[in-house]
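See below for input.pdb, which holds PDB, C-alpha atoms and all ligand atoms.
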```pdb
ATOM      1  CA  MET A  16       0.000   0.000   0.000
ATOM      2  CA  ILE A  17       1.623   3.223  -1.176
ATOM      3  CA  GLU A  18       0.754   6.163   1.078
ATOM      4  CA  LEU A  19       1.091   9.562  -0.590
ATOM      5  CA  GLY A  20      -0.332  12.924   0.357
ATOM      6  CA  LEU A  21      -0.436  16.685   0.317
ATOM      7  CA  LEU A  22       0.710  18.949   3.132
ATOM      8  CA  GLY A  23      -0.547  22.543   3.213
ATOM      9  CA  TYR A  24      -3.484  24.733   4.192
ATOM     10  CA  PRO A  25      -6.207  25.096   3.012
ATOM     11  CA  LEU A  26      -6.475  21.951   0.884
ATOM     12  CA  GLU A  27     -10.157  21.310   0.143
ATOM     13  CA  HIS A  28      -9.975  22.533  -3.463
ATOM     14  CA  SER A  29      -6.807  20.692  -4.473
ATOM     15  CA  PHE A  30      -6.835  18.584  -7.654
ATOM     16  CA  SER A  31      -3.794  16.595  -6.485
ATOM     17  CA  PRO A  32      -5.737  13.667  -4.920
ATOM     18  CA  ALA A  33      -7.639  13.073  -8.178
ATOM     19  CA  LEU A  34      -4.435  13.305 -10.258
ATOM     20  CA  HIS A  35      -2.336  10.995  -8.085
ATOM     21  CA  GLU A  36      -5.064   8.435  -7.466
ATOM     22  CA  ALA A  37      -5.563   8.235 -11.245
ATOM     23  CA  ALA A  38      -1.792   7.817 -11.646
ATOM     24  CA  LEU A  39      -1.819   4.983  -9.069
ATOM     25  CA  ARG A  40      -4.681   3.245 -10.885
ATOM     26  CA  ALA A  41      -3.093   3.680 -14.312
ATOM     27  CA  SER A  42       0.167   2.218 -12.968
ATOM     28  CA  GLY A  43      -1.617  -0.752 -11.378
ATOM     29  CA  LEU A  44      -0.366   0.267  -7.915
ATOM     30  CA  ASP A  45      -2.272  -0.136  -4.677
ATOM     31  CA  GLY A  46      -2.205   3.128  -2.766
ATOM     32  CA  ARG A  47      -3.893   6.324  -1.753
ATOM     33  CA  TYR A  48      -3.266  10.059  -1.662
ATOM     34  CA  SER A  49      -4.439  11.790   1.532
ATOM     35  CA  LEU A  50      -4.756  15.406   2.600
ATOM     36  CA  TYR A  51      -2.707  16.628   5.580
ATOM     37  CA  PRO A  52      -4.017  20.087   6.464
ATOM     38  CA  VAL A  53      -1.385  21.840   8.604
ATOM     39  CA  VAL A  54      -1.718  25.509   9.502
ATOM     40  CA  ARG A  55       1.107  28.047   9.176
ATOM     41  CA  GLY A  56       3.607  27.855  12.053
ATOM     42  CA  ASP A  57       2.716  24.281  13.170
ATOM     43  CA  ALA A  58       6.321  23.014  13.282
ATOM     44  CA  VAL A  59       5.368  19.927  15.312
ATOM     45  CA  SER A  60       3.162  18.606  12.494
ATOM     46  CA  LEU A  61       5.781  19.408   9.820
ATOM     47  CA  ARG A  62       8.439  17.475  11.774
ATOM     48  CA  ASP A  63       6.026  14.596  12.388
ATOM     49  CA  LEU A  64       5.069  14.253   8.697
ATOM     50  CA  VAL A  65       8.700  14.391   7.538
ATOM     51  CA  GLY A  66       9.447  11.721  10.186
ATOM     52  CA  ARG A  67       6.713   9.509   8.705
ATOM     53  CA  VAL A  68       8.402   9.781   5.300
ATOM     54  CA  ARG A  69      11.765   8.931   6.910
ATOM     55  CA  THR A  70      10.367   5.711   8.438
ATOM     56  CA  GLY A  71       8.737   4.749   5.130
ATOM     57  CA  GLU A  72       5.213   4.926   6.562
ATOM     58  CA  LEU A  73       4.557   7.576   3.888
ATOM     59  CA  ARG A  74       6.137   7.091   0.440
ATOM     60  CA  GLY A  75       6.152  10.813  -0.279
ATOM     61  CA  LEU A  76       4.371  14.137   0.072
ATOM     62  CA  ASN A  77       3.566  17.181  -2.002
ATOM     63  CA  VAL A  78       3.976  20.463  -0.178
ATOM     64  CA  THR A  79       1.939  23.559  -0.902
ATOM     65  CA  ILE A  80       1.111  26.995   0.532
ATOM     66  CA  PRO A  81       2.064  27.984   3.260
ATOM     67  CA  HIS A  82       4.875  25.436   3.801
ATOM     68  CA  LYS A  83       6.973  25.393   0.598
ATOM     69  CA  GLN A  84       9.786  27.232   2.394
ATOM     70  CA  ALA A  85       8.934  26.386   6.032
ATOM     71  CA  ILE A  86       9.435  22.635   5.404
ATOM     72  CA  ILE A  87      13.099  23.056   4.402
ATOM     73  CA  PRO A  88      14.710  22.972   7.904
ATOM     74  CA  PHE A  89      13.058  19.587   8.604
ATOM     75  CA  LEU A  90      14.488  17.852   5.518
ATOM     76  CA  ASP A  91      17.815  15.983   5.230
ATOM     77  CA  GLY A  92      18.712  17.410   1.815
ATOM     78  CA  LEU A  93      17.555  19.489  -1.145
ATOM     79  CA  THR A  94      17.970  18.813  -4.846
ATOM     80  CA  ALA A  95      19.954  21.457  -6.749
ATOM     81  CA  THR A  96      16.690  22.809  -8.182
ATOM     82  CA  ALA A  97      14.957  23.124  -4.803
ATOM     83  CA  ARG A  98      18.055  24.830  -3.390
ATOM     84  CA  ALA A  99      18.221  27.304  -6.288
ATOM     85  CA  VAL A 100      14.482  28.066  -6.108
ATOM     86  CA  GLY A 101      14.431  28.174  -2.299
ATOM     87  CA  ALA A 102      11.139  26.254  -2.159
ATOM     88  CA  VAL A 103      10.025  22.602  -2.074
ATOM     89  CA  ASN A 104       6.843  21.091  -3.520
ATOM     90  CA  THR A 105       7.745  17.375  -3.327
ATOM     91  CA  ILE A 106       9.465  15.313  -0.630
ATOM     92  CA  TYR A 107      10.659  11.751  -0.989
ATOM     93  CA  LEU A 108      12.902   9.166   0.679
ATOM     94  CA  GLN A 109      16.181   8.119  -0.897
ATOM     95  CA  GLU A 110      18.764   5.940   0.845
ATOM     96  CA  GLY A 111      17.346   6.725   4.275
ATOM     97  CA  ARG A 112      17.314  10.514   3.774
ATOM     98  CA  VAL A 113      14.308  12.734   3.188
ATOM     99  CA  TRP A 114      14.866  14.973   0.139
ATOM    100  CA  GLY A 115      13.037  18.056  -1.034
ATOM    101  CA  ASP A 116      12.619  18.789  -4.729
ATOM    102  CA  ASN A 117      10.733  21.393  -6.742
ATOM    103  CA  THR A 118       8.905  19.835  -9.694
ATOM    104  CA  ASP A 119       7.104  23.130 -10.494
ATOM    105  CA  THR A 120      10.284  24.230 -12.264
ATOM    106  CA  ALA A 121      10.594  21.252 -14.603
ATOM    107  CA  GLY A 122       6.790  21.182 -14.975
ATOM    108  CA  PHE A 123       6.789  24.775 -16.152
ATOM    109  CA  ALA A 124       9.745  24.179 -18.507
ATOM    110  CA  ALA A 125       8.070  21.150 -20.100
ATOM    111  CA  ASP A 126       4.795  22.957 -20.719
ATOM    112  CA  LEU A 127       6.338  26.273 -21.786
ATOM    113  CA  HIS A 128       8.002  24.306 -24.543
ATOM    114  CA  LYS A 129       4.536  23.726 -26.055
ATOM    115  CA  LEU A 130       3.909  27.485 -26.237
ATOM    116  CA  GLY A 131       6.905  28.106 -28.459
ATOM    117  CA  PRO A 132       9.307  30.946 -27.614
ATOM    118  CA  THR A 133      12.709  29.928 -26.291
ATOM    119  CA  SER A 134      14.639  33.044 -25.293
ATOM    120  CA  GLY A 135      14.568  36.845 -25.171
ATOM    121  CA  PRO A 136      13.101  39.315 -22.670
ATOM    122  CA  ALA A 137      10.518  37.788 -20.286
ATOM    123  CA  LEU A 138       8.159  39.543 -17.909
ATOM    124  CA  VAL A 139       7.016  37.629 -14.807
ATOM    125  CA  LEU A 140       3.911  38.983 -13.050
ATOM    126  CA  GLY A 141       3.922  38.339  -9.278
ATOM    127  CA  ALA A 142       6.724  37.756  -6.804
ATOM    128  CA  GLY A 143       5.554  34.830  -4.661
ATOM    129  CA  GLY A 144       6.573  31.163  -4.494
ATOM    130  CA  ALA A 145       5.552  30.184  -8.036
ATOM    131  CA  ALA A 146       7.364  33.227  -9.463
ATOM    132  CA  ARG A 147      10.605  31.960  -7.855
ATOM    133  CA  ALA A 148      10.295  28.590  -9.641
ATOM    134  CA  VAL A 149       9.466  30.319 -12.943
ATOM    135  CA  ILE A 150      12.338  32.813 -12.688
ATOM    136  CA  HIS A 151      14.867  30.083 -11.887
ATOM    137  CA  CYS A 152      13.636  28.114 -14.878
ATOM    138  CA  LEU A 153      13.669  31.088 -17.289
ATOM    139  CA  ARG A 154      17.134  32.222 -16.120
ATOM    140  CA  SER A 155      18.544  28.747 -16.686
ATOM    141  CA  MET A 156      17.043  28.780 -20.211
ATOM    142  CA  GLY A 157      18.744  32.099 -20.976
ATOM    143  CA  TRP A 158      15.763  34.473 -20.764
ATOM    144  CA  ALA A 159      16.390  38.068 -19.587
ATOM    145  CA  VAL A 160      13.842  38.359 -16.763
ATOM    146  CA  THR A 161      11.941  41.348 -15.360
ATOM    147  CA  ILE A 162       9.593  40.875 -12.395
ATOM    148  CA  ALA A 163       6.476  43.046 -12.110
ATOM    149  CA  ALA A 164       4.630  42.968  -8.767
ATOM    150  CA  ARG A 165       1.964  45.167  -7.217
ATOM    151  CA  ARG A 166       4.348  45.834  -4.307
ATOM    152  CA  ARG A 167       7.562  47.249  -5.674
ATOM    153  CA  GLU A 168       9.621  46.188  -2.635
ATOM    154  CA  GLN A 169       8.483  42.567  -3.039
ATOM    155  CA  ALA A 170       9.532  42.608  -6.712
ATOM    156  CA  ARG A 171      12.899  44.187  -5.767
ATOM    157  CA  GLU A 172      13.519  41.666  -2.977
ATOM    158  CA  LEU A 173      12.946  38.702  -5.293
ATOM    159  CA  ALA A 174      14.918  40.256  -8.168
ATOM    160  CA  ASP A 175      17.894  40.729  -5.844
ATOM    161  CA  GLN A 176      18.069  36.958  -5.323
ATOM    162  CA  PHE A 177      18.814  36.328  -9.011
ATOM    163  CA  ALA A 178      21.694  37.848 -10.971
ATOM    164  CA  GLY A 179      20.629  40.346 -13.633
ATOM    165  CA  VAL A 180      16.873  40.293 -12.893
ATOM    166  CA  GLU A 181      15.041  43.651 -13.030
ATOM    167  CA  ALA A 182      11.989  44.767 -11.001
ATOM    168  CA  LEU A 183       8.969  46.869 -12.021
ATOM    169  CA  LEU A 184       5.687  47.973 -10.509
ATOM    170  CA  LEU A 185       2.735  45.956 -11.861
ATOM    171  CA  ASP A 186       0.554  48.826 -13.043
ATOM    172  CA  ALA A 187      -0.326  50.466 -16.378
ATOM    173  CA  PRO A 188       2.428  53.156 -16.299
ATOM    174  CA  GLY A 189       5.020  50.548 -15.200
ATOM    175  CA  LEU A 190       4.171  48.225 -18.101
ATOM    176  CA  GLN A 191       3.320  50.853 -20.731
ATOM    177  CA  ASN A 192       6.532  50.379 -22.699
ATOM    178  CA  ALA A 193       7.578  46.964 -21.389
ATOM    179  CA  ARG A 194       9.432  44.827 -23.910
ATOM    180  CA  ALA A 195       8.688  41.140 -23.689
ATOM    181  CA  GLY A 196       8.730  38.070 -25.899
ATOM    182  CA  LEU A 197       7.075  36.160 -23.053
ATOM    183  CA  ILE A 198       4.707  37.207 -20.263
ATOM    184  CA  VAL A 199       4.170  34.747 -17.395
ATOM    185  CA  ASN A 200       1.379  35.264 -14.897
ATOM    186  CA  ALA A 201       2.521  33.937 -11.504
ATOM    187  CA  THR A 202      -0.232  35.703  -9.519
ATOM    188  CA  PRO A 203      -3.561  34.072  -8.612
ATOM    189  CA  ALA A 204      -5.506  36.846 -10.396
ATOM    190  CA  GLY A 205      -8.204  35.276 -12.594
ATOM    191  CA  MET A 206      -8.425  32.060 -10.581
ATOM    192  CA  PHE A 207     -11.846  30.569  -9.743
ATOM    193  CA  PRO A 208     -14.088  31.981  -8.275
ATOM    194  CA  ASP A 209     -12.755  35.464  -9.163
ATOM    195  CA  ILE A 210     -12.634  34.623 -12.869
ATOM    196  CA  GLU A 211     -13.169  38.169 -14.160
ATOM    197  CA  ALA A 212      -9.889  39.353 -12.575
ATOM    198  CA  CYS A 213      -6.902  39.866 -14.866
ATOM    199  CA  PRO A 214      -3.315  40.537 -13.734
ATOM    200  CA  TRP A 215      -2.473  42.569 -16.869
ATOM    201  CA  PRO A 216      -3.263  46.233 -16.054
ATOM    202  CA  ARG A 217      -6.215  47.766 -17.837
ATOM    203  CA  GLY A 218      -5.039  50.393 -20.322
ATOM    204  CA  ALA A 219      -1.591  48.899 -20.969
ATOM    205  CA  PRO A 220      -1.251  47.321 -24.440
ATOM    206  CA  PHE A 221       0.255  43.831 -24.643
ATOM    207  CA  PRO A 222       3.779  43.948 -26.050
ATOM    208  CA  GLU A 223       3.580  43.029 -29.732
ATOM    209  CA  GLU A 224       4.652  39.478 -30.582
ATOM    210  CA  ALA A 225       4.666  38.370 -26.916
ATOM    211  CA  ALA A 226       3.474  34.901 -25.933
ATOM    212  CA  VAL A 227       1.523  34.587 -22.688
ATOM    213  CA  TYR A 228       1.747  31.756 -20.157
ATOM    214  CA  ASP A 229      -0.766  31.880 -17.290
ATOM    215  CA  LEU A 230       0.040  29.622 -14.313
ATOM    216  CA  VAL A 231      -3.618  29.756 -13.299
ATOM    217  CA  TYR A 232      -5.368  26.540 -14.444
ATOM    218  CA  ASN A 233      -8.922  26.993 -13.155
ATOM    219  CA  PRO A 234     -10.701  28.086 -15.329
ATOM    220  CA  PRO A 235      -8.738  26.427 -18.167
ATOM    221  CA  GLU A 236      -9.120  29.596 -20.254
ATOM    222  CA  THR A 237      -8.521  32.561 -17.954
ATOM    223  CA  ARG A 238      -9.452  36.125 -18.775
ATOM    224  CA  LEU A 239      -5.754  36.873 -19.379
ATOM    225  CA  VAL A 240      -5.480  34.006 -21.870
ATOM    226  CA  ARG A 241      -8.716  35.083 -23.561
ATOM    227  CA  GLU A 242      -7.642  38.729 -23.885
ATOM    228  CA  ALA A 243      -4.162  37.816 -25.096
ATOM    229  CA  ARG A 244      -5.630  35.536 -27.791
ATOM    230  CA  ALA A 245      -8.086  38.261 -28.792
ATOM    231  CA  ALA A 246      -5.089  40.584 -29.253
ATOM    232  CA  GLY A 247      -3.535  38.016 -31.596
ATOM    233  CA  LEU A 248      -0.982  36.583 -29.128
ATOM    234  CA  ARG A 249      -0.267  32.923 -28.468
ATOM    235  CA  ALA A 250      -1.401  32.042 -24.928
ATOM    236  CA  ARG A 251      -1.557  28.980 -22.700
ATOM    237  CA  SER A 252      -2.946  28.338 -19.208
ATOM    238  CA  GLY A 253      -1.282  26.392 -16.358
ATOM    239  CA  LEU A 254      -3.148  23.067 -16.795
ATOM    240  CA  GLY A 255      -0.214  21.468 -18.578
ATOM    241  CA  MET A 256       2.205  22.606 -15.861
ATOM    242  CA  LEU A 257      -0.097  21.200 -13.172
ATOM    243  CA  ILE A 258      -0.097  17.853 -14.958
ATOM    244  CA  GLU A 259       3.676  17.856 -15.525
ATOM    245  CA  GLN A 260       4.601  18.756 -11.933
ATOM    246  CA  ALA A 261       2.280  16.010 -10.648
ATOM    247  CA  ALA A 262       3.646  13.398 -13.069
ATOM    248  CA  LEU A 263       7.232  14.272 -12.118
ATOM    249  CA  ALA A 264       6.461  13.984  -8.384
ATOM    250  CA  PHE A 265       4.727  10.630  -8.974
ATOM    251  CA  GLU A 266       7.803   9.391 -10.830
ATOM    252  CA  LEU A 267      10.053  10.392  -7.916
ATOM    253  CA  TRP A 268       7.888   8.419  -5.483
ATOM    254  CA  THR A 269       7.167   5.313  -7.545
ATOM    255  CA  GLY A 270       9.677   5.202 -10.402
ATOM    256  CA  ARG A 271       6.700   4.971 -12.792
ATOM    257  CA  LYS A 272       6.069   7.290 -15.743
ATOM    258  CA  VAL A 273       2.433   8.366 -16.163
ATOM    259  CA  GLU A 274       0.749   9.039 -19.491
ATOM    260  CA  ARG A 275      -0.027  12.773 -19.445
ATOM    261  CA  GLU A 276      -3.273  12.016 -21.257
ATOM    262  CA  VAL A 277      -4.536  10.017 -18.259
ATOM    263  CA  LEU A 278      -4.056  13.062 -16.012
ATOM    264  CA  HIS A 279      -5.474  15.392 -18.616
ATOM    265  CA  ASN A 280      -8.651  13.321 -18.827
ATOM    266  CA  VAL A 281      -9.054  13.419 -15.040
ATOM    267  CA  LEU A 282      -8.879  17.215 -15.015
ATOM    268  CA  ALA A 283     -11.203  17.506 -18.004
ATOM    269  CA  HIS A 284     -13.893  15.833 -15.879
ATOM    270  CA  ILE A 285     -13.331  18.094 -12.863
ATOM    271  CA  ILE A 286     -12.633  21.500 -14.440
ATOM    272  CA  ARG A 287     -15.140  22.654 -17.001
TER
HETATM  273  P1  LIG B   1       1.891  33.345  -3.598
HETATM  274  O1  LIG B   1       3.175  32.835  -3.037
HETATM  275  O2  LIG B   1       0.776  33.716  -2.659
HETATM  276  O3  LIG B   1       2.254  34.635  -4.513
HETATM  277  C1  LIG B   1       1.283  35.334  -5.238
HETATM  278  C2  LIG B   1       1.893  36.604  -5.852
HETATM  279  O4  LIG B   1       0.866  37.233  -6.624
HETATM  280  C3  LIG B   1       2.336  37.650  -4.842
HETATM  281  O5  LIG B   1       3.359  38.429  -5.400
HETATM  282  C4  LIG B   1       1.048  38.466  -4.666
HETATM  283  O6  LIG B   1       1.286  39.789  -4.197
HETATM  284  C5  LIG B   1       0.580  38.534  -6.091
HETATM  285  N1  LIG B   1      -0.851  38.778  -6.226
HETATM  286  C6  LIG B   1      -1.872  38.166  -5.570
HETATM  287  N2  LIG B   1      -3.062  38.625  -6.020
HETATM  288  C7  LIG B   1      -2.776  39.555  -6.984
HETATM  289  C8  LIG B   1      -3.588  40.374  -7.815
HETATM  290  N3  LIG B   1      -4.921  40.332  -7.768
HETATM  291  N4  LIG B   1      -2.962  41.215  -8.682
HETATM  292  C9  LIG B   1      -1.620  41.285  -8.743
HETATM  293  N5  LIG B   1      -0.794  40.522  -7.964
HETATM  294  C10 LIG B   1      -1.369  39.669  -7.104
HETATM  295  O7  LIG B   1       1.246  32.301  -4.605
HETATM  296  P2  LIG B   1       2.050  31.268  -5.540
HETATM  297  O8  LIG B   1       2.295  30.001  -4.826
HETATM  298  O9  LIG B   1       3.206  31.992  -6.113
HETATM  299  O10 LIG B   1       0.939  30.939  -6.661
HETATM  300  C11 LIG B   1       0.560  31.904  -7.630
HETATM  301  C12 LIG B   1      -0.422  31.278  -8.618
HETATM  302  O11 LIG B   1       0.245  30.285  -9.381
HETATM  303  C13 LIG B   1      -1.615  30.574  -7.943
HETATM  304  O12 LIG B   1      -2.787  30.852  -8.671
HETATM  305  C14 LIG B   1      -1.279  29.107  -8.070
HETATM  306  O13 LIG B   1      -2.444  28.282  -8.150
HETATM  307  C15 LIG B   1      -0.531  29.106  -9.398
HETATM  308  N6  LIG B   1       0.357  27.954  -9.527
HETATM  309  C16 LIG B   1       0.101  27.102 -10.555
HETATM  310  C17 LIG B   1       0.923  26.000 -10.735
HETATM  311  C18 LIG B   1       0.633  25.072 -11.877
HETATM  312  O14 LIG B   1       1.079  23.915 -11.820
HETATM  313  N7  LIG B   1      -0.046  25.516 -12.907
HETATM  314  C19 LIG B   1       1.990  25.737  -9.862
HETATM  315  C20 LIG B   1       2.231  26.650  -8.821
HETATM  316  C21 LIG B   1       1.383  27.761  -8.654
HETATM  317  P3  LIG B   1       0.910  40.167  -2.675
HETATM  318  O15 LIG B   1       1.968  39.520  -1.835
HETATM  319  O16 LIG B   1       0.955  41.643  -2.694
HETATM  320  O17 LIG B   1      -0.464  39.591  -2.402
END
```
Show the structure stored in the file as structure tokens.
Amino acid sequence: MIELGLLGYPLEHSFSPALHEAALRASGLDGRYSLYPVVRGDAVSLRDLVGRVRTGELRGLNVTIPHKQAIIPFLDGLTATARAVGAVNTIYLQEGRVWGDNTDTAGFAADLHKLGPTSGPALVLGAGGAARAVIHCLRSMGWAVTIAARRREQARELADQFAGVEALLLDAPGLQNARAGLIVNATPAGMFPDIEACPWPRGAPFPEEAAVYDLVYNPPETRLVREARAAGLRARSGLGMLIEQAALAFELWTGRKVEREVLHNVLAHIIR
């Protein structure tokens, strides 16, 4: 019996149980994926859950808000990616040690590939945990990154952690003349239920020729994606990244590759 799960808070709306239970079924493995709601600051529960991975009682865990950084002191090691990003979304046991990895980075890279552009100036909207994974990924691909956040100091603070990354205010004057071959939304703006929200400031034109990647996956076509397509830009939502990061975590835990189509079909039934 393979015990997997998700650690974070709140968790009720997560799609991870459906994705991983489908992956278990498709792989012919007996197991389950449980939710472990743990509130911010509850170090005792974080230590306990990592301990249960160390003993093998749990095969592995996903980690989400608000613990992607807070979990790090309880782990025995970090992969190079998790160390560079400074955040963990997957923990697993290897040779008696509990490791933290960040599969958001490789998940984003794999799905961005389907959108097309490969290098140039990129604009990342938002300066939270997902933005860190995106920026690390884009920097390692050779993109010249600018962060735009609604709090200038937050954008500056994150930019300072990466060599050569610029910071802007996320508002119409700030983005009026922004140059970008790629715009990535790493804010939750536009996510269900607030589906009419859009992170791109009203009144600022989209940079010509930019492609748009929206990390938000619910709804599958966000307002940002819709408006970008209406302006003639290529645009993609975060569903593919969600699927990729889940499949990569599942592979770390079980050694099994999952058909992306299986996971896609699961989400197609849940998100309409
Ligand atoms: P986070 O750590 O809370 O960071 C969110 C960032 O967005 C912060 O900079 C926040 O600024 C900013 N923000 C929030 N609401 C905004 C708004 N209405 N307008 C402009 N900026 C706003 O969250 P996260 O973990 O980075 O996640 C961000 C989004 O990415 C979420 O929707 C999440 O579901 C999605 N995501 C998707 C995938 C995937 O696989 N597709 C993976 C990871 C994350 P303040 O600090 O000022 O609020």
Hey, what comes out of the PyMOL selection byres (((not hetatm)) within 6 of (chain B and resi 1)) on this file? Could you write it as number ranges by chain?
A: 119, 141-146, 164-166, 201-204, 214, 230-232, 253-254, 256-257
Who sits within 8 Å of A:Gly92, only C-alpha atoms, same chain under 4 positions skipped, as a ChimeraX atom specification
/A:112-115
I'd like to see the residues matched by the PyMOL selection byres (((chain A and resi 53) around 10) and not hetatm) on this file, and ideally I'd get them as a ChimeraX atom specification.
/A:21-26,50-52,54-61,64,80-82
Using only C-alpha atoms, determine which residues lie at most 12 Å from A:Gly270, disregarding the query and same-chain residues fewer than 5 positions distant; provide the list as a PDB file with C-alpha atoms, in the coordinates of the input.
```
ATOM      1  CA  ALA A  38      -1.792   7.817 -11.646  1.00  0.00           C
ATOM      2  CA  LEU A  39      -1.819   4.983  -9.069  1.00  0.00           C
ATOM      3  CA  SER A  42       0.167   2.218 -12.968  1.00  0.00           C
ATOM      4  CA  LEU A  44      -0.366   0.267  -7.915  1.00  0.00           C
ATOM      5  CA  ARG A  74       6.137   7.091   0.440  1.00  0.00           C
ATOM      6  CA  TYR A 107      10.659  11.751  -0.989  1.00  0.00           C
ATOM      7  CA  GLN A 109      16.181   8.119  -0.897  1.00  0.00           C
ATOM      8  CA  ALA A 262       3.646  13.398 -13.069  1.00  0.00           C
ATOM      9  CA  LEU A 263       7.232  14.272 -12.118  1.00  0.00           C
ATOM     10  CA  ALA A 264       6.461  13.984  -8.384  1.00  0.00           C
ATOM     11  CA  PHE A 265       4.727  10.630  -8.974  1.00  0.00           C
TER      12      PHE A 265
END
```
What are the centre and edge lengths in Å, to one decimal, of the axis-aligned box around all listed atoms of stretch 37-54 of chain A with 6 Å added on each side, as lines of an AutoDock Vina configuration file?
```
center_x = -2.7
center_y = 12.4
center_z = -2.4
size_x = 17.7
size_y = 38.3
size_z = 35.8
```
Between A:Gly46, A:Pro220, A:Gly179, A:Pro235, which residue has the minimum interatomic distance to A:Met206, considering only C-alpha atoms?
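Closest candidate: A:Pro235.
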Find the residues around A:Pro234 up to 12 Å (only C-alpha atoms counted), leave out those fewer than 2 positions away in its own chain, and share them as a VMD selection string.
chain A and resid 203 to 212 229 to 232 236 to 241 251 to 254 282 to 283 285 to 287
On this structure, which residues satisfy the PyMOL selection byres (((chain A and resi 100) around 12) and not hetatm), written as an MDAnalysis selection string?
chainID A and resid 83:84 87 93:99 101:104 115:121 143:155 173 176:177
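Here atom CA of A:Asp45 stands at a distance of 19.1 Å from atom CA of A:Thr70.
From atom CA of A:Leu140 back to atom CA of A:Ala170, the distance works out to 9.2 Å.
With atom CA of A:Arg217 on one side and atom CA of A:Leu197 on the other, the separation reads 18.4 Å.
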Across A:Asn77, A:Asn200, A:Thr161, A:Thr105, the smallest distance to A:Ala182, with only C-alpha atoms counted, is shown by A:Thr161
Restricting the calculation to all atoms listed in the file: of A:Val65, A:Leu267, A:Ala163, A:Ala261, which residue gets closest to A:Pro32?
A:Ala261
Place N, CA, C and O atoms on stretch 274-286 of chain A and deliver the coordinates as a short mmCIF file (atom, residue, chain, number, x, y, z; two decimals), in the frame of the given file.
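So selection_33.cif came out as:
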```cif
data_model
loop_
_atom_site.label_atom_id
_atom_site.label_comp_id
_atom_site.auth_asym_id
_atom_site.auth_seq_id
_atom_site.Cartn_x
_atom_site.Cartn_y
_atom_site.Cartn_z
N GLU A 274 1.21 8.41 -18.24
CA GLU A 274 0.75 9.04 -19.49
C GLU A 274 0.09 10.37 -19.14
O GLU A 274 -0.85 10.40 -18.34
N ARG A 275 0.56 11.46 -19.76
CA ARG A 275 -0.03 12.77 -19.44
C ARG A 275 -1.50 12.82 -19.81
O ARG A 275 -2.29 13.52 -19.19
N GLU A 276 -1.88 12.03 -20.81
CA GLU A 276 -3.27 12.02 -21.26
C GLU A 276 -4.21 11.51 -20.15
O GLU A 276 -5.34 12.00 -20.01
N VAL A 277 -3.72 10.54 -19.37
CA VAL A 277 -4.54 10.02 -18.26
C VAL A 277 -4.87 11.16 -17.29
O VAL A 277 -6.02 11.33 -16.87
N LEU A 278 -3.86 11.97 -16.97
CA LEU A 278 -4.06 13.06 -16.01
C LEU A 278 -4.91 14.16 -16.63
O LEU A 278 -5.75 14.77 -15.97
N HIS A 279 -4.69 14.38 -17.91
CA HIS A 279 -5.47 15.39 -18.62
C HIS A 279 -6.96 15.02 -18.59
O HIS A 279 -7.82 15.87 -18.33
N ASN A 280 -7.25 13.76 -18.82
CA ASN A 280 -8.65 13.32 -18.83
C ASN A 280 -9.30 13.49 -17.46
O ASN A 280 -10.48 13.84 -17.36
N VAL A 281 -8.52 13.24 -16.40
CA VAL A 281 -9.05 13.42 -15.04
C VAL A 281 -9.47 14.87 -14.84
O VAL A 281 -10.57 15.17 -14.38
N LEU A 282 -8.58 15.79 -15.23
CA LEU A 282 -8.88 17.22 -15.02
C LEU A 282 -10.04 17.67 -15.90
O LEU A 282 -10.85 18.50 -15.49
N ALA A 283 -10.12 17.11 -17.09
CA ALA A 283 -11.20 17.51 -18.00
C ALA A 283 -12.57 17.20 -17.39
O ALA A 283 -13.55 17.88 -17.67
N HIS A 284 -12.62 16.16 -16.54
CA HIS A 284 -13.89 15.83 -15.88
C HIS A 284 -14.18 16.76 -14.71
O HIS A 284 -15.34 16.98 -14.36
N ILE A 285 -13.12 17.27 -14.07
CA ILE A 285 -13.33 18.09 -12.86
C ILE A 285 -13.49 19.57 -13.21
O ILE A 285 -14.32 20.26 -12.64
N ILE A 286 -12.62 20.06 -14.12
CA ILE A 286 -12.63 21.50 -14.44
C ILE A 286 -13.36 21.68 -15.76
O ILE A 286 -12.93 21.13 -16.77
#
```
